[in-house]
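Take a look at the structure set out below.
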Amino acid sequence: MTADTQQPPAEFVPTTWTGKLRGVAERKLPYDKALPETQPAYVASWIYVFGVLTLVSLVVIVITGAVLAFEGPMWYNSSSVGLFFNSLHFWSVQLFMFFMVIHLWGKFWMAAWRGKRAKTWITGCLAFLVSIGAGLSGYALQTNFESQWISFQSKDGLNATGVGAWFSVTDIGQMLLVHAFLLPAVIAIIVIGHVVLVRLHGVVPPIDAAKVEPDPQVSPAPQESTVGEAS
Amino acid sequence: MPSILHMIADASTYLTWGWLSVSVPNLIVILLMILVFILAIVIPFPHDGNDTDDQGSTK
């Protein structure tokens, strides 16, 4: 075959929605951007650690929650191993909320919605709000005197808002489905969306580092800051 | 003298300033979060000086 008979490879033109979706994903979030090996210098600060600490806590919550769901209340309220897993689930939730609040404070004082990151900020706030509902339904699911106390205290407040007709913390069956299926699924979707948005737009720089942040619409500019200046 | 486990299991003491009412355990957690937040900003992040590339990015 001679050189003049060689044809250039035809450009991929998607005709289906799956092909178009793949094209958008490959263009907006290539592998090296989705799973980067380096981060901007300003990320070398402890305040940037709390997002991933929250994620790790969530993973422990999901794993221990799955064990509790399979074994059931008799097991996790009476056997020693069950009580241990119950405690793991409880304390990972405490750490999850602890880390998430510090992550929220850090991003709030950093004005993390800058640089077209509004959706990242909003999904983070949504994850926080839904997590409160997941926590409440979890407390109501303990099937002990504490859960009875919490349920009967909170139902009056919830009834006052009008949601009591659909959301009843004294309905153990509803709490079981809400806590073990619905809210974890909602949190998982929101958190995955949140992390994808973080990867799309990058980690927000500190306010005083904004002048060296490359504009995504223009060619990338070199970072002037160093690790030593990060915190 | 009550043990710390009894203190945790007992009903909480509430502190009230006007409209604001907060239990001592919740106040301790809030103060801890503020402390950790401040420490996270103040304490320098460990690095060996060779972990930046030409772009100023850190590995």
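Residue numbering restarts at 1 in every chain; chains get A, B, ... in the order shown in the structure tokens, and ligands count up from 1 in that same order.
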- Message: Need the shell around region 181-189 of chain A: protein/DNA/RNA residues with any atom at most 9 Å away, counting only C-alpha atoms. Skip same-chain ones fewer than 6 positions apart. Format as number ranges by chain?
- Response: A: 62, 126-128, 130-131, 133-134
- Message: With only C-alpha atoms as the counted atoms, please give the residues lying no more than 12 Å from Leu32 (chain B), apart from itself and same-chain residues fewer than 3 positions off, as a ChimeraX atom specification.
- Response: /A:95,98-99,101-102 /B:25-29,35-39
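Nearest-residue note for chain B: choosing from A:Met110, A:Val59, A:Leu68, A:Val169, the minimum distance belongs to A:Met110, counting only C-alpha atoms.
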- Between CA of Tyr31 (chain A) and CA of Arg199 (chain A), what is the distance, to one decimal in Å? 10.4 Å
- Residues of region 2-45 of chain B in strand (DSSP E), written as a PyMOL selection string: chain B and resi 14-17+20-23
- Message: Let me make sure I understand: among A:Gln94, A:Gln174, A:Ser168, A:Gln39, which one has the smallest atom-to-atom distance to chain B if we use only C-alpha atoms?
- Response: A:Gln39
- Task: Could you give me, as a PyMOL selection string, the residues within 8 Å of Ile207 (chain A), counting only C-alpha atoms and dropping anything in the same chain fewer than 2 positions from it?
- Result: chain A and resi 110-111+205+209-210
- Can you work out which one of A:Leu104, A:Val24, A:Ala41, A:Leu176 has the shortest atom-to-atom distance to chain B, counting only C-alpha atoms? A:Ala41
- Task: Choose the residue, out of A:Gly23, A:Pro73, A:Pro36, A:Gly173, that has the smallest atom-to-atom separation from Val203 (chain A); count only C-alpha atoms.
- Result: A:Pro36
Mind listing the helix (DSSP H, G or I) residues of region 20-212 of chain A, per DSSP on the backbone, as a tab-separated table (two decimals) with N, CA and C atoms, in the first residue's frame?
```
chain	number	residue	atom	x	y	z
A	20	LYS	N	-22.72	9.60	22.59
A	20	LYS	CA	-22.61	11.04	22.88
A	20	LYS	C	-22.18	11.26	24.32
A	21	LEU	N	-22.76	10.44	25.24
A	21	LEU	CA	-22.40	10.55	26.66
A	21	LEU	C	-20.92	10.22	26.86
A	22	ARG	N	-20.46	9.17	26.15
A	22	ARG	CA	-19.05	8.79	26.26
A	22	ARG	C	-18.15	9.90	25.74
A	23	GLY	N	-18.59	10.52	24.64
A	23	GLY	CA	-17.80	11.62	24.06
A	23	GLY	C	-17.68	12.78	25.04
A	24	VAL	N	-18.81	13.14	25.67
A	24	VAL	CA	-18.79	14.24	26.64
A	24	VAL	C	-17.90	13.88	27.82
A	25	ALA	N	-18.03	12.64	28.32
A	25	ALA	CA	-17.23	12.21	29.48
A	25	ALA	C	-15.75	12.22	29.16
A	26	GLU	N	-15.39	11.74	27.96
A	26	GLU	CA	-13.97	11.71	27.58
A	26	GLU	C	-13.41	13.11	27.39
A	27	ARG	N	-14.25	14.02	26.91
A	27	ARG	CA	-13.79	15.39	26.66
A	27	ARG	C	-13.67	16.18	27.97
A	28	LYS	N	-14.70	16.05	28.82
A	28	LYS	CA	-14.75	16.87	30.05
A	28	LYS	C	-13.89	16.28	31.17
A	31	TYR	N	-9.12	10.54	31.82
A	31	TYR	CA	-8.65	9.72	32.94
A	31	TYR	C	-7.64	10.44	33.83
A	32	ASP	N	-6.71	11.20	33.20
A	32	ASP	CA	-5.67	11.84	34.02
A	32	ASP	C	-6.25	12.96	34.88
A	33	LYS	N	-7.43	13.49	34.49
A	33	LYS	CA	-8.09	14.52	35.30
A	33	LYS	C	-8.98	13.88	36.36
A	34	ALA	N	-9.58	12.73	36.01
A	34	ALA	CA	-10.46	12.05	36.96
A	34	ALA	C	-9.67	11.41	38.09
A	41	ALA	N	-0.17	23.05	44.57
A	41	ALA	CA	0.65	23.18	45.78
A	41	ALA	C	-0.17	23.56	47.00
A	42	TYR	N	-1.23	24.37	46.78
A	42	TYR	CA	-2.00	24.85	47.93
A	42	TYR	C	-2.79	23.74	48.62
A	43	VAL	N	-2.91	22.57	47.97
A	43	VAL	CA	-3.65	21.46	48.58
A	43	VAL	C	-2.85	20.84	49.74
A	46	TRP	N	-3.58	20.83	55.96
A	46	TRP	CA	-4.46	19.90	56.68
A	46	TRP	C	-5.93	20.17	56.43
A	47	ILE	N	-6.29	21.41	56.12
A	47	ILE	CA	-7.71	21.74	55.95
A	47	ILE	C	-8.28	21.05	54.71
A	48	TYR	N	-7.40	20.66	53.76
A	48	TYR	CA	-7.87	19.96	52.57
A	48	TYR	C	-8.03	18.46	52.80
A	50	PHE	N	-9.95	17.07	55.16
A	50	PHE	CA	-11.22	16.68	55.78
A	50	PHE	C	-12.27	16.17	54.80
A	51	GLY	N	-12.15	16.54	53.53
A	51	GLY	CA	-13.08	15.99	52.54
A	51	GLY	C	-12.88	14.49	52.39
A	52	VAL	N	-11.63	14.08	52.26
A	52	VAL	CA	-11.36	12.65	52.06
A	52	VAL	C	-11.57	11.88	53.37
A	53	LEU	N	-11.34	12.53	54.52
A	53	LEU	CA	-11.65	11.87	55.80
A	53	LEU	C	-13.15	11.60	55.90
A	54	THR	N	-13.95	12.54	55.43
A	54	THR	CA	-15.41	12.34	55.41
A	54	THR	C	-15.77	11.17	54.52
A	55	LEU	N	-15.13	11.08	53.36
A	55	LEU	CA	-15.39	9.97	52.43
A	55	LEU	C	-15.02	8.63	53.05
A	56	VAL	N	-13.86	8.58	53.71
A	56	VAL	CA	-13.42	7.33	54.34
A	56	VAL	C	-14.41	6.91	55.43
A	57	SER	N	-14.87	7.89	56.23
A	57	SER	CA	-15.86	7.58	57.26
A	57	SER	C	-17.12	7.02	56.64
A	58	LEU	N	-17.51	7.59	55.50
A	58	LEU	CA	-18.72	7.11	54.81
A	58	LEU	C	-18.56	5.66	54.36
A	59	VAL	N	-17.38	5.32	53.89
A	59	VAL	CA	-17.13	3.93	53.47
A	59	VAL	C	-17.28	2.98	54.66
A	60	VAL	N	-16.72	3.37	55.83
A	60	VAL	CA	-16.84	2.53	57.03
A	60	VAL	C	-18.32	2.42	57.44
A	61	ILE	N	-19.05	3.53	57.34
A	61	ILE	CA	-20.48	3.51	57.68
A	61	ILE	C	-21.22	2.51	56.79
A	62	VAL	N	-20.95	2.55	55.49
A	62	VAL	CA	-21.66	1.67	54.55
A	62	VAL	C	-21.32	0.20	54.83
A	63	ILE	N	-20.05	-0.09	55.07
A	63	ILE	CA	-19.64	-1.48	55.30
A	63	ILE	C	-20.25	-2.00	56.60
A	64	THR	N	-20.11	-1.24	57.70
A	64	THR	CA	-20.66	-1.70	58.98
A	64	THR	C	-22.19	-1.73	58.93
A	65	GLY	N	-22.78	-0.77	58.21
A	65	GLY	CA	-24.24	-0.76	58.06
A	65	GLY	C	-24.75	-1.98	57.33
A	66	ALA	N	-23.99	-2.43	56.31
A	66	ALA	CA	-24.38	-3.63	55.57
A	66	ALA	C	-24.34	-4.85	56.49
A	67	VAL	N	-23.33	-4.92	57.34
A	67	VAL	CA	-23.24	-6.05	58.29
A	67	VAL	C	-24.45	-6.00	59.25
A	68	LEU	N	-24.76	-4.84	59.79
A	68	LEU	CA	-25.91	-4.71	60.71
A	68	LEU	C	-27.21	-5.09	60.01
A	69	ALA	N	-27.35	-4.69	58.74
A	69	ALA	CA	-28.58	-4.99	58.00
A	69	ALA	C	-28.77	-6.49	57.81
A	70	PHE	N	-27.67	-7.20	57.55
A	70	PHE	CA	-27.78	-8.64	57.31
A	70	PHE	C	-28.04	-9.41	58.61
A	71	GLU	N	-27.45	-8.94	59.72
A	71	GLU	CA	-27.56	-9.70	60.98
A	71	GLU	C	-28.82	-9.35	61.79
A	73	PRO	N	-31.48	-6.60	64.34
A	73	PRO	CA	-31.44	-5.93	65.65
A	73	PRO	C	-31.14	-6.86	66.82
A	74	MET	N	-31.66	-8.11	66.79
A	74	MET	CA	-31.40	-9.03	67.90
A	74	MET	C	-29.90	-9.26	68.07
A	75	TRP	N	-29.21	-9.36	66.92
A	75	TRP	CA	-27.77	-9.60	66.93
A	75	TRP	C	-27.02	-8.37	67.42
A	76	TYR	N	-27.34	-7.19	66.82
A	76	TYR	CA	-26.51	-6.02	67.15
A	76	TYR	C	-26.90	-5.36	68.48
A	77	ASN	N	-27.99	-5.82	69.10
A	77	ASN	CA	-28.33	-5.28	70.42
A	77	ASN	C	-27.98	-6.22	71.57
A	78	SER	N	-27.61	-7.49	71.25
A	78	SER	CA	-27.41	-8.44	72.34
A	78	SER	C	-26.04	-9.13	72.32
A	80	SER	N	-21.98	-9.81	71.71
A	80	SER	CA	-20.82	-8.92	71.88
A	80	SER	C	-20.28	-8.45	70.54
A	81	VAL	N	-20.23	-9.36	69.55
A	81	VAL	CA	-19.75	-8.95	68.22
A	81	VAL	C	-20.73	-7.96	67.59
A	82	GLY	N	-22.03	-8.22	67.79
A	82	GLY	CA	-23.05	-7.32	67.27
A	82	GLY	C	-22.93	-5.94	67.87
A	83	LEU	N	-22.71	-5.89	69.19
A	83	LEU	CA	-22.55	-4.59	69.85
A	83	LEU	C	-21.30	-3.88	69.36
A	84	PHE	N	-20.25	-4.68	69.05
A	84	PHE	CA	-19.02	-4.09	68.53
A	84	PHE	C	-19.28	-3.44	67.17
A	85	PHE	N	-19.97	-4.17	66.27
A	85	PHE	CA	-20.27	-3.60	64.96
A	85	PHE	C	-21.23	-2.42	65.07
A	86	ASN	N	-22.16	-2.51	66.01
A	86	ASN	CA	-23.07	-1.39	66.25
A	86	ASN	C	-22.27	-0.15	66.66
A	87	SER	N	-21.27	-0.38	67.53
A	87	SER	CA	-20.43	0.75	67.97
A	87	SER	C	-19.58	1.28	66.83
A	88	LEU	N	-19.04	0.36	65.98
A	88	LEU	CA	-18.27	0.83	64.82
A	88	LEU	C	-19.13	1.72	63.93
A	89	HIS	N	-20.38	1.29	63.70
A	89	HIS	CA	-21.29	2.05	62.86
A	89	HIS	C	-21.58	3.41	63.51
A	90	PHE	N	-21.85	3.39	64.82
A	90	PHE	CA	-22.19	4.62	65.54
A	90	PHE	C	-21.02	5.61	65.52
A	91	TRP	N	-19.82	5.14	65.87
A	91	TRP	CA	-18.68	6.06	65.97
A	91	TRP	C	-18.19	6.52	64.61
A	92	SER	N	-18.35	5.69	63.57
A	92	SER	CA	-17.99	6.18	62.23
A	92	SER	C	-18.95	7.27	61.78
A	93	VAL	N	-20.21	7.19	62.25
A	93	VAL	CA	-21.16	8.26	61.96
A	93	VAL	C	-20.74	9.55	62.69
A	94	GLN	N	-20.31	9.41	63.96
A	94	GLN	CA	-19.87	10.59	64.71
A	94	GLN	C	-18.70	11.26	63.99
A	95	LEU	N	-17.72	10.42	63.54
A	95	LEU	CA	-16.56	10.97	62.84
A	95	LEU	C	-16.97	11.57	61.49
A	96	PHE	N	-17.92	10.92	60.81
A	96	PHE	CA	-18.41	11.41	59.52
A	96	PHE	C	-18.96	12.83	59.67
A	97	MET	N	-19.82	13.03	60.67
A	97	MET	CA	-20.41	14.36	60.87
A	97	MET	C	-19.35	15.35	61.34
A	98	PHE	N	-18.45	14.89	62.22
A	98	PHE	CA	-17.37	15.73	62.74
A	98	PHE	C	-16.50	16.25	61.59
A	99	PHE	N	-16.03	15.33	60.74
A	99	PHE	CA	-15.17	15.71	59.63
A	99	PHE	C	-15.93	16.55	58.60
A	100	MET	N	-17.20	16.21	58.37
A	100	MET	CA	-17.97	16.93	57.35
A	100	MET	C	-18.21	18.38	57.77
A	101	VAL	N	-18.45	18.60	59.07
A	101	VAL	CA	-18.66	19.97	59.55
A	101	VAL	C	-17.38	20.79	59.38
A	102	ILE	N	-16.22	20.20	59.71
A	102	ILE	CA	-14.95	20.94	59.54
A	102	ILE	C	-14.68	21.19	58.05
A	103	HIS	N	-14.99	20.19	57.20
A	103	HIS	CA	-14.88	20.35	55.75
A	103	HIS	C	-15.78	21.50	55.29
A	104	LEU	N	-17.01	21.54	55.82
A	104	LEU	CA	-17.97	22.59	55.47
A	104	LEU	C	-17.45	23.96	55.91
A	105	TRP	N	-16.95	24.06	57.13
A	105	TRP	CA	-16.40	25.33	57.62
A	105	TRP	C	-15.24	25.78	56.73
A	106	GLY	N	-14.33	24.85	56.45
A	106	GLY	CA	-13.16	25.18	55.63
A	106	GLY	C	-13.58	25.73	54.27
A	107	LYS	N	-14.56	25.07	53.64
A	107	LYS	CA	-14.99	25.49	52.31
A	107	LYS	C	-15.79	26.78	52.38
A	108	PHE	N	-16.55	26.97	53.47
A	108	PHE	CA	-17.33	28.21	53.60
A	108	PHE	C	-16.39	29.42	53.70
A	109	TRP	N	-15.40	29.34	54.60
A	109	TRP	CA	-14.49	30.48	54.80
A	109	TRP	C	-13.54	30.64	53.62
A	118	ALA	N	-20.21	26.42	41.99
A	118	ALA	CA	-21.48	26.53	42.75
A	118	ALA	C	-22.14	25.17	42.93
A	119	LYS	N	-22.13	24.36	41.87
A	119	LYS	CA	-22.78	23.04	41.97
A	119	LYS	C	-22.05	22.14	42.96
A	120	THR	N	-20.73	22.28	43.02
A	120	THR	CA	-19.95	21.50	44.00
A	120	THR	C	-20.37	21.89	45.42
A	121	TRP	N	-20.50	23.19	45.66
A	121	TRP	CA	-20.90	23.70	46.97
A	121	TRP	C	-22.32	23.22	47.31
A	122	ILE	N	-23.24	23.31	46.33
A	122	ILE	CA	-24.65	22.95	46.58
A	122	ILE	C	-24.77	21.45	46.86
A	123	THR	N	-24.08	20.62	46.09
A	123	THR	CA	-24.17	19.17	46.34
A	123	THR	C	-23.58	18.81	47.71
A	124	GLY	N	-22.53	19.55	48.12
A	124	GLY	CA	-21.98	19.32	49.46
A	124	GLY	C	-22.98	19.66	50.55
A	125	CYS	N	-23.67	20.80	50.38
A	125	CYS	CA	-24.70	21.19	51.36
A	125	CYS	C	-25.84	20.17	51.38
A	126	LEU	N	-26.24	19.69	50.19
A	126	LEU	CA	-27.30	18.68	50.12
A	126	LEU	C	-26.88	17.41	50.85
A	127	ALA	N	-25.63	16.99	50.64
A	127	ALA	CA	-25.13	15.79	51.32
A	127	ALA	C	-25.20	15.97	52.84
A	128	PHE	N	-24.86	17.16	53.31
A	128	PHE	CA	-24.91	17.45	54.75
A	128	PHE	C	-26.35	17.35	55.26
A	129	LEU	N	-27.30	17.95	54.55
A	129	LEU	CA	-28.70	17.95	54.99
A	129	LEU	C	-29.28	16.54	54.98
A	130	VAL	N	-29.02	15.79	53.91
A	130	VAL	CA	-29.56	14.43	53.82
A	130	VAL	C	-28.92	13.54	54.90
A	131	SER	N	-27.66	13.81	55.21
A	131	SER	CA	-26.98	13.02	56.26
A	131	SER	C	-27.63	13.22	57.62
A	132	ILE	N	-28.16	14.42	57.88
A	132	ILE	CA	-28.86	14.66	59.15
A	132	ILE	C	-30.11	13.76	59.22
A	133	GLY	N	-30.83	13.67	58.09
A	133	GLY	CA	-32.00	12.79	58.04
A	133	GLY	C	-31.62	11.33	58.21
A	134	ALA	N	-30.49	10.95	57.60
A	134	ALA	CA	-30.02	9.56	57.74
A	134	ALA	C	-29.63	9.28	59.19
A	135	GLY	N	-29.01	10.27	59.83
A	135	GLY	CA	-28.63	10.11	61.23
A	135	GLY	C	-29.83	9.96	62.13
A	136	LEU	N	-30.85	10.82	61.92
A	136	LEU	CA	-32.06	10.75	62.74
A	136	LEU	C	-32.75	9.40	62.58
A	137	SER	N	-32.90	8.94	61.32
A	137	SER	CA	-33.56	7.66	61.10
A	137	SER	C	-32.73	6.51	61.70
A	138	GLY	N	-31.42	6.68	61.74
A	138	GLY	CA	-30.56	5.66	62.36
A	138	GLY	C	-30.75	5.61	63.87
A	139	TYR	N	-30.83	6.78	64.50
A	139	TYR	CA	-31.09	6.81	65.95
A	139	TYR	C	-32.44	6.17	66.27
A	140	ALA	N	-33.44	6.43	65.38
A	140	ALA	CA	-34.77	5.86	65.61
A	140	ALA	C	-34.79	4.36	65.39
A	145	PHE	N	-34.46	1.88	74.31
A	145	PHE	CA	-35.17	2.98	74.96
A	145	PHE	C	-34.72	4.34	74.44
A	146	GLU	N	-33.46	4.41	74.05
A	146	GLU	CA	-32.98	5.69	73.52
A	146	GLU	C	-33.69	6.05	72.22
A	147	SER	N	-33.85	5.03	71.34
A	147	SER	CA	-34.52	5.30	70.07
A	147	SER	C	-35.99	5.66	70.31
A	148	GLN	N	-36.60	5.03	71.32
A	148	GLN	CA	-37.99	5.36	71.66
A	148	GLN	C	-38.08	6.83	72.11
A	149	TRP	N	-37.14	7.22	72.96
A	149	TRP	CA	-37.12	8.59	73.47
A	149	TRP	C	-36.92	9.59	72.32
A	150	ILE	N	-35.92	9.31	71.46
A	150	ILE	CA	-35.61	10.22	70.36
A	150	ILE	C	-36.79	10.33	69.39
A	151	SER	N	-37.41	9.17	69.08
A	151	SER	CA	-38.53	9.17	68.13
A	151	SER	C	-39.69	10.00	68.65
A	152	PHE	N	-40.03	9.81	69.94
A	152	PHE	CA	-41.20	10.50	70.47
A	152	PHE	C	-40.91	11.98	70.73
A	153	GLN	N	-39.65	12.33	70.94
A	153	GLN	CA	-39.31	13.74	71.06
A	153	GLN	C	-39.33	14.43	69.69
A	154	SER	N	-38.81	13.74	68.66
A	154	SER	CA	-38.68	14.39	67.36
A	154	SER	C	-39.99	14.40	66.58
A	155	LYS	N	-40.89	13.47	66.88
A	155	LYS	CA	-42.12	13.42	66.07
A	155	LYS	C	-42.95	14.69	66.22
A	156	ASP	N	-42.94	15.29	67.41
A	156	ASP	CA	-43.72	16.52	67.59
A	156	ASP	C	-43.17	17.65	66.72
A	157	GLY	N	-41.85	17.73	66.70
A	157	GLY	CA	-41.23	18.76	65.86
A	157	GLY	C	-41.51	18.53	64.39
A	158	LEU	N	-41.41	17.26	63.97
A	158	LEU	CA	-41.65	16.95	62.56
A	158	LEU	C	-43.12	17.16	62.20
A	159	ASN	N	-44.03	16.79	63.13
A	159	ASN	CA	-45.45	17.01	62.87
A	159	ASN	C	-45.76	18.50	62.73
A	160	ALA	N	-45.05	19.33	63.50
A	160	ALA	CA	-45.29	20.77	63.43
A	160	ALA	C	-44.94	21.33	62.05
A	161	THR	N	-44.03	20.66	61.33
A	161	THR	CA	-43.67	21.14	59.99
A	161	THR	C	-44.62	20.59	58.93
A	163	VAL	N	-44.62	17.40	57.84
A	163	VAL	CA	-44.11	16.23	57.12
A	163	VAL	C	-44.51	14.92	57.80
A	164	GLY	N	-45.11	15.04	59.01
A	164	GLY	CA	-45.46	13.85	59.77
A	164	GLY	C	-46.42	12.92	59.05
A	165	ALA	N	-47.19	13.46	58.09
A	165	ALA	CA	-48.13	12.63	57.34
A	165	ALA	C	-47.41	11.61	56.47
A	172	ILE	N	-41.38	2.03	62.64
A	172	ILE	CA	-40.09	1.33	62.55
A	172	ILE	C	-39.84	0.76	61.16
A	173	GLY	N	-40.92	0.29	60.50
A	173	GLY	CA	-40.77	-0.25	59.14
A	173	GLY	C	-40.32	0.82	58.16
A	174	GLN	N	-40.95	2.00	58.29
A	174	GLN	CA	-40.56	3.10	57.40
A	174	GLN	C	-39.13	3.53	57.68
A	175	MET	N	-38.78	3.62	58.97
A	175	MET	CA	-37.42	4.04	59.32
A	175	MET	C	-36.38	3.05	58.78
A	176	LEU	N	-36.74	1.74	58.83
A	176	LEU	CA	-35.81	0.71	58.34
A	176	LEU	C	-35.53	0.91	56.86
A	177	LEU	N	-36.59	1.12	56.06
A	177	LEU	CA	-36.41	1.29	54.62
A	177	LEU	C	-35.72	2.62	54.31
A	178	VAL	N	-36.12	3.66	55.03
A	178	VAL	CA	-35.53	4.98	54.79
A	178	VAL	C	-34.04	4.98	55.14
A	179	HIS	N	-33.70	4.36	56.29
A	179	HIS	CA	-32.32	4.41	56.76
A	179	HIS	C	-31.40	3.42	56.04
A	180	ALA	N	-31.93	2.24	55.74
A	180	ALA	CA	-31.06	1.20	55.17
A	180	ALA	C	-31.06	1.20	53.65
A	181	PHE	N	-32.01	1.89	53.02
A	181	PHE	CA	-32.02	1.89	51.55
A	181	PHE	C	-32.11	3.30	50.95
A	182	LEU	N	-33.22	4.01	51.24
A	182	LEU	CA	-33.50	5.26	50.52
A	182	LEU	C	-32.40	6.32	50.73
A	183	LEU	N	-32.15	6.67	52.00
A	183	LEU	CA	-31.19	7.76	52.26
A	183	LEU	C	-29.75	7.39	51.90
A	184	PRO	N	-29.30	6.13	52.16
A	184	PRO	CA	-27.95	5.78	51.67
A	184	PRO	C	-27.83	5.91	50.16
A	185	ALA	N	-28.90	5.52	49.43
A	185	ALA	CA	-28.86	5.64	47.96
A	185	ALA	C	-28.77	7.11	47.56
A	186	VAL	N	-29.57	7.96	48.23
A	186	VAL	CA	-29.56	9.39	47.91
A	186	VAL	C	-28.18	9.99	48.22
A	187	ILE	N	-27.65	9.64	49.40
A	187	ILE	CA	-26.32	10.16	49.79
A	187	ILE	C	-25.26	9.70	48.80
A	188	ALA	N	-25.32	8.42	48.41
A	188	ALA	CA	-24.33	7.89	47.46
A	188	ALA	C	-24.37	8.66	46.15
A	189	ILE	N	-25.58	8.92	45.63
A	189	ILE	CA	-25.71	9.65	44.35
A	189	ILE	C	-25.15	11.07	44.50
A	190	ILE	N	-25.52	11.75	45.62
A	190	ILE	CA	-25.06	13.13	45.83
A	190	ILE	C	-23.54	13.17	45.98
A	191	VAL	N	-23.00	12.24	46.77
A	191	VAL	CA	-21.55	12.26	47.04
A	191	VAL	C	-20.76	11.94	45.76
A	192	ILE	N	-21.25	10.97	44.96
A	192	ILE	CA	-20.57	10.67	43.70
A	192	ILE	C	-20.59	11.90	42.79
A	193	GLY	N	-21.75	12.56	42.71
A	193	GLY	CA	-21.85	13.79	41.92
A	193	GLY	C	-20.91	14.86	42.44
A	194	HIS	N	-20.83	14.99	43.77
A	194	HIS	CA	-19.96	15.97	44.42
A	194	HIS	C	-18.50	15.72	44.06
A	195	VAL	N	-18.07	14.47	44.15
A	195	VAL	CA	-16.66	14.14	43.86
A	195	VAL	C	-16.36	14.35	42.37
A	196	VAL	N	-17.30	13.97	41.50
A	196	VAL	CA	-17.10	14.19	40.06
A	196	VAL	C	-16.96	15.68	39.77
A	197	LEU	N	-17.78	16.51	40.44
A	197	LEU	CA	-17.70	17.96	40.23
A	197	LEU	C	-16.37	18.52	40.74
A	198	VAL	N	-15.88	17.96	41.87
A	198	VAL	CA	-14.57	18.39	42.38
A	198	VAL	C	-13.48	18.07	41.35
A	199	ARG	N	-13.57	16.90	40.73
A	199	ARG	CA	-12.57	16.52	39.73
A	199	ARG	C	-12.72	17.36	38.46
A	200	LEU	N	-13.96	17.71	38.11
A	200	LEU	CA	-14.20	18.50	36.91
A	200	LEU	C	-13.59	19.89	37.04
A	201	HIS	N	-13.87	20.54	38.19
A	201	HIS	CA	-13.46	21.94	38.37
A	201	HIS	C	-12.18	22.09	39.16
A	207	ILE	N	-8.19	31.86	48.99
A	207	ILE	CA	-8.54	33.14	48.36
A	207	ILE	C	-7.28	33.89	47.91
A	208	ASP	N	-6.22	33.86	48.72
A	208	ASP	CA	-5.01	34.60	48.34
A	208	ASP	C	-4.23	33.90	47.23
A	209	ALA	N	-4.61	32.67	46.87
A	209	ALA	CA	-3.95	31.96	45.77
A	209	ALA	C	-4.75	32.05	44.49
A	210	ALA	N	-5.90	32.76	44.52
A	210	ALA	CA	-6.79	32.79	43.36
A	210	ALA	C	-6.11	33.43	42.16
A	211	LYS	N	-5.19	34.36	42.40
A	211	LYS	CA	-4.56	35.06	41.27
A	211	LYS	C	-3.66	34.14	40.45
A	212	VAL	N	-3.23	33.02	41.03
A	212	VAL	CA	-2.37	32.10	40.27
A	212	VAL	C	-3.14	30.89	39.76
```
- Item | Nearest to chain A by atom-to-atom distance, counting only C-alpha atoms, from B:Ile41, B:Leu31, B:Thr13, B:Val24 | B:Ile41
